>>> print(open('target08.cif').read())   # mmCIF, C-alpha atoms
data_protein
loop_
_atom_site.group_PDB
_atom_site.id
_atom_site.type_symbol
_atom_site.label_atom_id
_atom_site.label_comp_id
_atom_site.auth_asym_id
_atom_site.auth_seq_id
_atom_site.Cartn_x
_atom_site.Cartn_y
_atom_site.Cartn_z
ATOM 1 C CA MET A 1 -16.552 373.699 130.641
ATOM 2 C CA GLY A 2 -17.874 374.539 127.203
ATOM 3 C CA HIS A 3 -20.339 377.229 126.322
ATOM 4 C CA SER A 4 -24.035 376.585 126.496
ATOM 5 C CA VAL A 5 -27.331 378.154 125.511
ATOM 6 C CA THR A 6 -30.010 378.740 128.120
ATOM 7 C CA ILE A 7 -33.480 377.844 126.925
ATOM 8 C CA THR A 8 -36.074 380.372 127.967
ATOM 9 C CA THR A 9 -38.918 379.473 125.609
ATOM 10 C CA PRO A 10 -41.911 377.455 126.864
ATOM 11 C CA PHE A 11 -42.596 373.932 125.612
ATOM 12 C CA PRO A 12 -44.665 374.358 122.439
ATOM 13 C CA THR A 13 -47.970 372.529 122.038
ATOM 14 C CA THR A 14 -48.237 369.681 119.551
ATOM 15 C CA GLU A 15 -50.657 371.770 117.496
ATOM 16 C CA GLU A 16 -48.119 374.607 117.235
ATOM 17 C CA VAL A 17 -45.366 372.211 116.185
ATOM 18 C CA ALA A 18 -47.563 370.389 113.652
ATOM 19 C CA LYS A 19 -48.467 373.736 112.098
ATOM 20 C CA ARG A 20 -44.814 374.747 111.877
ATOM 21 C CA MET A 21 -44.048 371.387 110.286
ATOM 22 C CA GLY A 22 -46.712 372.009 107.663
ATOM 23 C CA LEU A 23 -48.955 369.156 108.812
ATOM 24 C CA GLY A 24 -52.714 369.475 108.475
ATOM 25 C CA LYS A 25 -55.344 368.705 111.108
ATOM 26 C CA ALA A 26 -56.081 365.268 109.631
ATOM 27 C CA GLU A 27 -52.431 364.276 109.817
ATOM 28 C CA LEU A 28 -52.140 365.562 113.364
ATOM 29 C CA ARG A 29 -55.202 363.500 114.321
ATOM 30 C CA MET A 30 -53.623 360.435 112.706
ATOM 31 C CA ILE A 31 -50.457 360.966 114.744
ATOM 32 C CA GLN A 32 -52.372 361.437 117.991
ATOM 33 C CA ASP A 33 -54.382 358.253 117.298
ATOM 34 C CA LEU A 34 -51.160 356.368 116.667
ATOM 35 C CA VAL A 35 -49.696 357.591 119.951
ATOM 36 C CA ASP A 36 -52.941 356.599 121.753
ATOM 37 C CA ARG A 37 -52.864 353.089 120.318
ATOM 38 C CA THR A 38 -49.172 352.600 121.049
ATOM 39 C CA LEU A 39 -49.384 353.798 124.638
ATOM 40 C CA ASP A 40 -52.492 351.639 125.237
ATOM 41 C CA ARG A 41 -50.663 348.618 123.855
ATOM 42 C CA GLU A 42 -47.671 349.344 126.085
ATOM 43 C CA ARG A 43 -49.919 349.617 129.141
ATOM 44 C CA ARG A 44 -51.661 346.320 128.303
ATOM 45 C CA ARG A 45 -48.305 344.618 127.753
ATOM 46 C CA ALA A 46 -46.973 345.970 131.037
ATOM 47 C CA GLY A 47 -50.151 344.683 132.729
ATOM 48 C CA SER A 48 -49.943 341.181 131.207
ATOM 49 C CA ASN A 49 -46.304 340.934 132.269
ATOM 50 C CA GLY A 50 -47.390 341.370 135.863
ATOM 51 C CA ASN A 51 -46.132 344.919 136.022
ATOM 52 C CA SER A 52 -48.001 347.937 137.246
ATOM 53 C CA ALA A 53 -49.617 349.611 134.237
ATOM 54 C CA GLY A 54 -47.821 352.677 133.035
ATOM 55 C CA THR A 55 -44.876 352.593 135.399
ATOM 56 C CA GLY A 56 -43.080 349.493 134.158
ATOM 57 C CA ARG A 57 -42.307 348.625 137.770
ATOM 58 C CA ALA A 58 -42.885 345.145 139.099
ATOM 59 C CA ARG A 59 -46.133 344.756 140.983
ATOM 60 C CA PRO A 60 -45.491 344.213 144.736
ATOM 61 C CA SER A 61 -45.365 340.489 145.282
ATOM 62 C CA ARG A 62 -47.903 338.767 147.451
ATOM 63 C CA GLY A 63 -47.210 335.608 149.354
ATOM 64 C CA LYS A 64 -44.215 334.605 151.344
ATOM 65 C CA THR A 65 -42.674 338.016 151.731
ATOM 66 C CA ALA A 66 -46.023 339.514 152.767
ATOM 67 C CA ARG A 67 -46.454 337.101 155.633
ATOM 68 C CA MET B 1 -16.073 377.755 81.619
ATOM 69 C CA GLU B 2 -18.862 378.809 83.954
ATOM 70 C CA THR B 3 -17.867 379.161 87.587
ATOM 71 C CA PRO B 4 -19.930 377.490 90.313
ATOM 72 C CA GLN B 5 -21.037 380.969 91.412
ATOM 73 C CA ALA B 6 -22.346 381.703 87.927
ATOM 74 C CA GLN B 7 -24.289 378.448 87.875
ATOM 75 C CA GLU B 8 -25.750 378.943 91.348
ATOM 76 C CA GLY B 9 -26.227 382.685 91.069
ATOM 77 C CA PRO B 10 -25.463 385.056 93.906
ATOM 78 C CA VAL B 11 -26.115 383.495 97.304
ATOM 79 C CA ARG B 12 -28.595 385.842 98.878
ATOM 80 C CA PRO B 13 -31.415 384.883 101.135
ATOM 81 C CA VAL B 14 -34.561 386.546 99.809
ATOM 82 C CA ALA B 15 -35.140 388.369 103.065
ATOM 83 C CA ARG B 16 -33.384 387.803 106.354
ATOM 84 C CA PRO B 17 -35.658 385.342 108.110
ATOM 85 C CA ARG B 18 -36.991 385.904 111.599
ATOM 86 C CA VAL B 19 -34.891 384.075 114.202
ATOM 87 C CA GLU B 20 -36.912 381.438 116.052
ATOM 88 C CA ALA B 21 -35.509 381.176 119.580
ATOM 89 C CA ASP B 22 -36.387 377.499 119.976
ATOM 90 C CA SER B 23 -35.230 376.325 116.521
ATOM 91 C CA VAL B 24 -32.020 374.356 116.109
ATOM 92 C CA PHE B 25 -30.454 373.709 112.719
ATOM 93 C CA LEU B 26 -29.525 370.020 112.673
ATOM 94 C CA ASN B 27 -26.593 369.282 110.361
ATOM 95 C CA VAL B 28 -26.117 365.503 110.416
ATOM 96 C CA PRO B 29 -25.519 362.753 107.851
ATOM 97 C CA TYR B 30 -28.582 361.170 106.325
ATOM 98 C CA ASP B 31 -27.627 357.527 106.054
ATOM 99 C CA ALA B 32 -28.733 354.209 107.513
ATOM 100 C CA GLU B 33 -25.712 353.838 109.765
ATOM 101 C CA PHE B 34 -26.528 357.153 111.422
ATOM 102 C CA ARG B 35 -30.237 356.343 111.940
ATOM 103 C CA GLU B 36 -30.113 355.807 115.724
ATOM 104 C CA LEU B 37 -28.142 358.981 116.392
ATOM 105 C CA TYR B 38 -30.377 360.965 114.000
ATOM 106 C CA LEU B 39 -33.430 359.895 116.028
ATOM 107 C CA ALA B 40 -31.566 360.578 119.279
ATOM 108 C CA TYR B 41 -30.844 364.153 118.200
ATOM 109 C CA ILE B 42 -34.480 364.772 117.280
ATOM 110 C CA VAL B 43 -35.909 363.253 120.473
ATOM 111 C CA GLY B 44 -33.263 364.876 122.676
ATOM 112 C CA LEU B 45 -33.890 368.345 121.273
ATOM 113 C CA ILE B 46 -37.643 367.974 121.601
ATOM 114 C CA GLU B 47 -37.348 366.766 125.192
ATOM 115 C CA LEU B 48 -35.437 369.988 125.876
ATOM 116 C CA GLY B 49 -38.313 371.983 124.357
ATOM 117 C CA LEU B 50 -36.448 372.808 121.144
ATOM 118 C CA THR B 51 -37.499 372.278 117.526
ATOM 119 C CA PRO B 52 -35.023 370.764 115.069
ATOM 120 C CA LYS B 53 -34.805 371.976 111.486
ATOM 121 C CA ALA B 54 -32.920 370.246 108.685
ATOM 122 C CA THR B 55 -32.156 370.575 105.008
ATOM 123 C CA LEU B 56 -34.238 367.481 104.210
ATOM 124 C CA GLY B 57 -37.059 369.488 102.686
ATOM 125 C CA ILE B 58 -34.840 371.656 100.500
ATOM 126 C CA PRO B 59 -34.738 370.435 96.896
ATOM 127 C CA SER B 60 -31.381 370.144 95.196
ATOM 128 C CA GLY B 61 -30.501 372.497 92.382
ATOM 129 C CA SER B 62 -30.599 376.195 91.858
ATOM 130 C CA GLY B 63 -31.056 378.271 94.986
ATOM 131 C CA ARG B 64 -30.371 375.435 97.433
ATOM 132 C CA LEU B 65 -27.398 377.166 99.007
ATOM 133 C CA GLY B 66 -29.372 380.355 99.661
ATOM 134 C CA LYS B 67 -32.174 378.325 101.235
ATOM 135 C CA ILE B 68 -29.729 376.462 103.497
ATOM 136 C CA LEU B 69 -28.239 379.779 104.595
ATOM 137 C CA ALA B 70 -31.705 381.185 105.264
ATOM 138 C CA LEU B 71 -32.544 378.092 107.315
ATOM 139 C CA ILE B 72 -29.402 378.531 109.439
ATOM 140 C CA GLN B 73 -30.219 382.225 109.885
ATOM 141 C CA SER B 74 -33.710 381.363 111.115
ATOM 142 C CA CYS B 75 -32.329 379.160 113.903
ATOM 143 C CA ARG B 76 -30.968 380.481 117.206
ATOM 144 C CA SER B 77 -28.521 377.562 117.402
ATOM 145 C CA SER B 78 -27.055 374.867 115.221
ATOM 146 C CA ILE B 79 -25.635 371.395 115.731
ATOM 147 C CA HIS B 80 -23.028 370.005 113.371
ATOM 148 C CA ASP B 81 -22.134 366.339 113.694
ATOM 149 C CA LEU B 82 -18.789 365.694 112.018
ATOM 150 C CA SER B 83 -18.548 362.053 113.009
ATOM 151 C CA ARG B 84 -19.142 360.752 109.502
ATOM 152 C CA CYS B 85 -17.064 362.962 107.236
ATOM 153 C CA GLU B 86 -14.979 360.015 106.076
ATOM 154 C CA LEU B 87 -14.599 358.846 102.493
ATOM 155 C CA ASP B 88 -17.846 357.883 100.820
ATOM 156 C CA THR B 89 -16.897 354.858 98.715
ATOM 157 C CA ASN B 90 -20.027 354.841 96.541
ATOM 158 C CA PRO B 91 -19.373 355.126 92.780
ATOM 159 C CA PRO B 92 -18.296 356.917 90.690
ATOM 160 C CA HIS B 93 -15.324 357.928 92.861
ATOM 161 C CA PRO B 94 -14.492 357.650 96.570
ATOM 162 C CA THR B 95 -15.050 361.177 97.866
ATOM 163 C CA PRO B 96 -14.952 362.852 101.269
ATOM 164 C CA ARG B 97 -18.296 364.060 102.563
ATOM 165 C CA PHE B 98 -17.973 367.842 102.517
ATOM 166 C CA ASN B 99 -21.589 368.896 103.077
ATOM 167 C CA MET B 100 -21.478 368.817 106.881
ATOM 168 C CA PRO B 101 -18.241 370.817 107.319
ATOM 169 C CA PHE B 102 -19.431 373.175 104.581
ATOM 170 C CA GLU B 103 -22.694 373.918 106.409
ATOM 171 C CA LEU B 104 -20.706 374.273 109.637
ATOM 172 C CA GLY B 105 -18.658 376.938 107.853
ATOM 173 C CA LEU B 106 -21.831 378.815 106.944
ATOM 174 C CA ALA B 107 -23.010 378.669 110.571
ATOM 175 C CA VAL B 108 -19.630 379.803 111.921
ATOM 176 C CA ALA B 109 -19.648 382.770 109.540
ATOM 177 C CA TRP B 110 -23.203 383.689 110.539
ATOM 178 C CA SER B 111 -22.317 383.358 114.223
ATOM 179 C CA LYS B 112 -19.236 385.573 113.808
ATOM 180 C CA LEU B 113 -21.297 388.221 112.013
ATOM 181 C CA THR B 114 -24.158 388.099 114.520
ATOM 182 C CA PRO B 115 -22.824 386.597 117.770
ATOM 183 C CA LYS B 116 -25.989 387.373 119.734
ATOM 184 C CA LYS B 117 -28.204 385.676 117.179
ATOM 185 C CA HIS B 118 -26.516 382.348 116.623
ATOM 186 C CA ASP B 119 -24.560 379.724 118.589
ATOM 187 C CA TYR B 120 -23.102 376.652 116.947
ATOM 188 C CA PHE B 121 -22.066 373.345 118.492
ATOM 189 C CA VAL B 122 -19.800 370.717 116.958
ATOM 190 C CA PHE B 123 -20.502 367.094 117.829
ATOM 191 C CA GLU B 124 -18.127 364.203 117.209
ATOM 192 C CA THR B 125 -17.865 360.510 118.041
ATOM 193 C CA VAL B 126 -14.263 360.589 119.190
ATOM 194 C CA THR B 127 -12.016 363.198 120.767
ATOM 195 C CA ARG B 128 -9.350 365.044 118.798
ATOM 196 C CA ARG B 129 -10.340 363.811 115.319
ATOM 197 C CA ALA B 130 -12.123 367.039 114.384
ATOM 198 C CA GLN B 131 -9.238 369.105 115.755
ATOM 199 C CA LYS B 132 -6.957 367.201 113.389
ATOM 200 C CA SER B 133 -9.162 367.315 110.294
ATOM 201 C CA LEU B 134 -10.412 370.866 110.900
ATOM 202 C CA SER B 135 -7.724 372.596 112.939
ATOM 203 C CA ASP B 136 -9.111 376.056 112.098
ATOM 204 C CA LEU B 137 -11.918 375.150 114.477
ATOM 205 C CA ASN B 138 -9.740 374.612 117.529
ATOM 206 C CA GLU B 139 -11.419 377.489 119.298
ATOM 207 C CA ALA B 140 -14.710 375.572 119.361
ATOM 208 C CA ASP B 141 -15.684 373.186 122.140
ATOM 209 C CA LEU B 142 -16.410 369.698 120.935
ATOM 210 C CA GLN B 143 -19.318 367.641 122.214
ATOM 211 C CA VAL B 144 -18.113 364.021 122.097
ATOM 212 C CA HIS B 145 -20.972 361.482 122.121
ATOM 213 C CA GLN B 146 -19.041 358.220 121.547
ATOM 214 C CA GLY B 147 -21.537 357.199 118.854
ATOM 215 C CA ALA B 148 -24.305 356.340 121.324
ATOM 216 C CA PRO B 149 -27.816 357.823 121.730
ATOM 217 C CA SER B 150 -27.156 358.273 125.466
ATOM 218 C CA GLY B 151 -23.978 360.203 124.593
ATOM 219 C CA VAL B 152 -25.897 362.448 122.191
ATOM 220 C CA MET B 153 -28.446 363.208 124.905
ATOM 221 C CA ARG B 154 -25.796 363.865 127.540
ATOM 222 C CA GLU B 155 -24.022 366.316 125.224
ATOM 223 C CA LEU B 156 -27.309 367.995 124.268
ATOM 224 C CA CYS B 157 -27.920 368.585 127.992
ATOM 225 C CA ASN B 158 -24.443 370.121 128.239
ATOM 226 C CA ALA B 159 -25.039 372.395 125.244
ATOM 227 C CA PHE B 160 -28.608 373.454 126.051
ATOM 228 C CA VAL B 161 -29.648 374.291 129.582
ATOM 229 C CA ARG B 162 -33.288 374.413 130.575
ATOM 230 C CA ARG B 163 -33.962 375.797 134.040
ATOM 231 C CA ILE B 164 -37.571 374.675 134.423
ATOM 232 C CA LYS B 165 -38.761 371.105 133.780
ATOM 233 C CA LYS B 166 -35.258 370.114 132.778
ATOM 234 C CA PRO B 167 -35.193 366.570 131.370
ATOM 235 C CA ASP B 168 -32.466 364.121 132.336
ATOM 236 C CA VAL B 169 -30.750 361.533 130.150
ATOM 237 C CA PRO B 170 -32.783 358.493 131.356
ATOM 238 C CA GLN B 171 -36.006 360.386 130.631
ATOM 239 C CA MET B 172 -34.725 361.337 127.164
ATOM 240 C CA LEU B 173 -33.720 357.727 126.498
ATOM 241 C CA SER B 174 -37.154 356.543 127.566
ATOM 242 C CA ALA B 175 -38.703 358.965 125.034
ATOM 243 C CA TYR B 176 -36.282 357.663 122.403
ATOM 244 C CA HIS B 177 -37.437 354.067 123.034
ATOM 245 C CA GLU B 178 -41.085 355.137 122.915
ATOM 246 C CA LEU B 179 -40.523 356.751 119.533
ATOM 247 C CA SER B 180 -38.561 353.755 118.243
ATOM 248 C CA GLY B 181 -41.473 351.503 119.239
ATOM 249 C CA LEU B 182 -44.031 353.325 117.146
ATOM 250 C CA LEU B 183 -41.767 354.224 114.239
ATOM 251 C CA PRO B 184 -42.542 351.135 112.077
ATOM 252 C CA GLU B 185 -46.266 351.916 112.173
ATOM 253 C CA LEU B 186 -45.661 355.606 111.533
ATOM 254 C CA MET B 187 -43.558 354.747 108.485
ATOM 255 C CA LYS B 188 -46.178 352.301 107.243
ATOM 256 C CA GLN B 189 -48.953 354.872 107.609
ATOM 257 C CA SER B 190 -46.834 357.504 105.893
ATOM 258 C CA GLY B 191 -45.704 355.209 103.086
ATOM 259 C CA ALA B 192 -42.130 356.217 103.837
ATOM 260 C CA GLN B 193 -39.085 354.201 102.807
ATOM 261 C CA THR B 194 -36.631 355.771 105.245
ATOM 262 C CA VAL B 195 -36.653 358.067 108.262
ATOM 263 C CA PHE B 196 -34.608 360.567 106.262
ATOM 264 C CA GLU B 197 -37.504 361.728 104.079
ATOM 265 C CA ALA B 198 -38.672 365.301 104.625
ATOM 266 C CA GLY B 199 -42.215 364.159 105.455
ATOM 267 C CA MET B 200 -40.969 361.657 108.005
ATOM 268 C CA PHE B 201 -38.780 364.313 109.631
ATOM 269 C CA SER B 202 -41.893 366.450 110.215
ATOM 270 C CA ARG B 203 -43.922 363.494 111.500
ATOM 271 C CA ILE B 204 -41.167 362.256 113.828
ATOM 272 C CA ILE B 205 -40.909 365.743 115.333
ATOM 273 C CA THR B 206 -44.684 365.932 115.812
ATOM 274 C CA VAL B 207 -44.934 362.436 117.346
ATOM 275 C CA SER B 208 -42.043 363.155 119.718
ATOM 276 C CA THR B 209 -43.643 366.446 120.735
ATOM 277 C CA GLU B 210 -46.959 364.695 121.419
ATOM 278 C CA LEU B 211 -45.230 362.031 123.541
ATOM 279 C CA ARG B 212 -43.369 364.698 125.524
ATOM 280 C CA ASN B 213 -46.443 366.846 126.074
ATOM 281 C CA ARG B 214 -48.480 363.894 127.329
ATOM 282 C CA ARG B 215 -45.734 363.098 129.811
ATOM 283 C CA LEU B 216 -45.566 366.731 130.960
ATOM 284 C CA VAL B 217 -49.317 366.734 131.648
ATOM 285 C CA HIS B 218 -49.155 363.580 133.810
#
>>> encode(input="target08.cif", output="structure tokens")
Amino acid sequence: MGHSVTITTPFPTTEEVAKRMGLGKAELRMIQDLVDRTLDRERRRAGSNGNSAGTGRARPSRGKTAR
Amino acid sequence: METPQAQEGPVRPVARPRVEADSVFLNVPYDAEFRELYLAYIVGLIELGLTPKATLGIPSGSGRLGKILALIQSCRSSIHDLSRCELDTNPPHPTPRFNMPFELGLAVAWSKLTPKKHDYFVFETVTRRAQKSLSDLNEADLQVHQGAPSGVMRELCNAFVRRIKKPDVPQMLSAYHELSGLLPELMKQSGAQTVFEAGMFSRIITVSTELRNRRLVH
């Protein structure tokens, strides 16, 4: 078993990380908008594929097995 | 003839930087063939609640070495991937890639001088190769990732242990695929040519953090 480091710090907020990365508020907003759009698109795609939105799991089938 | 030291000047960080407990110095190759693993390291570290730092933003030339050393000193841990130290065949001459083992040497020295302030981890694709090429390092444990993003994430989980809200490898891989999905648009918006640009490094870290934080809320 090798050595390891135990992480004791909390998860930083996106705002804290963006600041540390030297990104301004406008750039952070752009990134958050991009994430919004992408996640929305993924949810719509999952929905149109007959899957439950957000989970990626197949929607419970109706029909023969339900009877 | 001027020695390299005379050209570079004395290597002295301006002031010893404050150590950031969640920062990890990421010493990996910046080339297209390493792209997937590079992204896997970034996403994996962020999923663990850590913040990667790299030399991408440091300009070449005078003072670079001191800035790299200061960057290592500011990080509580460092990761050194030696899987691509082979001969670089680009002109003018085939040459081994020394930057990664060199920066590992800096981190080892810093860790030996201040063992409570810095831990370093050596990552490789295959077992025993690093022991052969760098036998002085036999005391170090190697994290072998087999050249796969899932292997990188598994080894990151072995190296860094989070007690609360600990992510697992499938969750980290899911985050990796989410990032990969929005990367083309992020690059287009940023006008970036490659993921290895300093600006892209910052944006990838911020996007990955945002994705993680949204998941933690839900």
>>> atom_distance(input="target08.cif", atom1="CA of Val144 (chain B)", atom2="CA of Val126 (chain B)")
5.9 Å
>>> atom_distance(input="target08.cif", atom1="CA of Leu65 (chain B)", atom2="CA of Val28 (chain B)")
16.4 Å
>>> axis_aligned_box(input="target08.cif", around="region 155-169 of chain B", padding_each_side="3 Å", output="JSON")
{"center_x": -31.4, "center_y": 368.7, "center_z": 129.3, "size_x": 20.7, "size_y": 20.3, "size_z": 16.2}
>>> atom_distance(input="target08.cif", atom1="CA of Arg41 (chain A)", atom2="CA of Leu182 (chain B)")
10.5 Å
>>> interface_residues(input="target08.cif", of="chain A", to="chain B", cutoff="9 Å", atoms="only C-alpha atoms", output="count of residues only")
30
>>> residues_around(input="target08.cif", residues="His145 (chain B)", least_positions_apart="6", cutoff="6 Å", atoms="only C-alpha atoms", output="short mmCIF file (atom, residue, chain, number, x, y, z; two decimals) with C-alpha atoms, in the frame of the given file")
data_model
loop_
_atom_site.label_atom_id
_atom_site.label_comp_id
_atom_site.auth_asym_id
_atom_site.auth_seq_id
_atom_site.Cartn_x
_atom_site.Cartn_y
_atom_site.Cartn_z
CA THR B 125 -17.86 360.51 118.04
CA GLY B 151 -23.98 360.20 124.59
CA VAL B 152 -25.90 362.45 122.19
#
>>> residues_around(input="target08.cif", residues="Cys75 (chain B)", least_positions_apart="2", cutoff="6 Å", atoms="all atoms listed in the file", output="PyMOL selection string")
chain B and resi 19-20+23-25+72-73+77
>>> write_last_selection(input="target08.cif", atoms="C-alpha atoms", output="mmCIF file, in the frame of the given file")
data_model
loop_
_atom_site.group_PDB
_atom_site.id
_atom_site.type_symbol
_atom_site.label_atom_id
_atom_site.label_comp_id
_atom_site.auth_asym_id
_atom_site.auth_seq_id
_atom_site.Cartn_x
_atom_site.Cartn_y
_atom_site.Cartn_z
ATOM 1 C CA VAL B 19 -34.891 384.075 114.202
ATOM 2 C CA GLU B 20 -36.912 381.438 116.052
ATOM 3 C CA SER B 23 -35.230 376.325 116.521
ATOM 4 C CA VAL B 24 -32.020 374.356 116.109
ATOM 5 C CA PHE B 25 -30.454 373.709 112.719
ATOM 6 C CA ILE B 72 -29.402 378.531 109.439
ATOM 7 C CA GLN B 73 -30.219 382.225 109.885
ATOM 8 C CA SER B 77 -28.521 377.562 117.402
#
>>> resolve_selection(input="target08.cif", expression="the PyMOL selection byres ((chain B and resi 29) around 9)", output="number ranges by chain")
B: 27-28, 30-31, 34-35, 38, 81-85, 99-100
>>> write_last_selection(input="target08.cif", atoms="C-alpha atoms", output="compact mmCIF listing (two decimals), in the coordinates of the input")
# COMPACT_ATOMS: atom_id res chain seq x y z
CA ASN B 27 -26.59 369.28 110.36
CA VAL B 28 -26.12 365.50 110.42
CA TYR B 30 -28.58 361.17 106.32
CA ASP B 31 -27.63 357.53 106.05
CA PHE B 34 -26.53 357.15 111.42
CA ARG B 35 -30.24 356.34 111.94
CA TYR B 38 -30.38 360.96 114.00
CA ASP B 81 -22.13 366.34 113.69
CA LEU B 82 -18.79 365.69 112.02
CA SER B 83 -18.55 362.05 113.01
CA ARG B 84 -19.14 360.75 109.50
CA CYS B 85 -17.06 362.96 107.24
CA ASN B 99 -21.59 368.90 103.08
CA MET B 100 -21.48 368.82 106.88
>>> closest_residue(input="target08.cif", among="B:Pro17, B:Gly63, B:Pro101, B:Gly44", to="Asp136 (chain B)", atoms="all atoms listed in the file")
B:Pro101
>>> residues_near_point(input="target08.cif", point="(-32.4, 357.4, 131.9)", cutoff="12 Å", atoms="all atoms listed in the file", output="ChimeraX atom specification")
/B:44,149-151,153-154,167-177
>>> resolve_selection(input="target08.cif", expression="the PyMOL selection byres ((chain B and resi 69) around 12)", output="PyMOL selection string")
chain B and resi 11-17+25+54-55+58+63-68+70-75+78+102-111
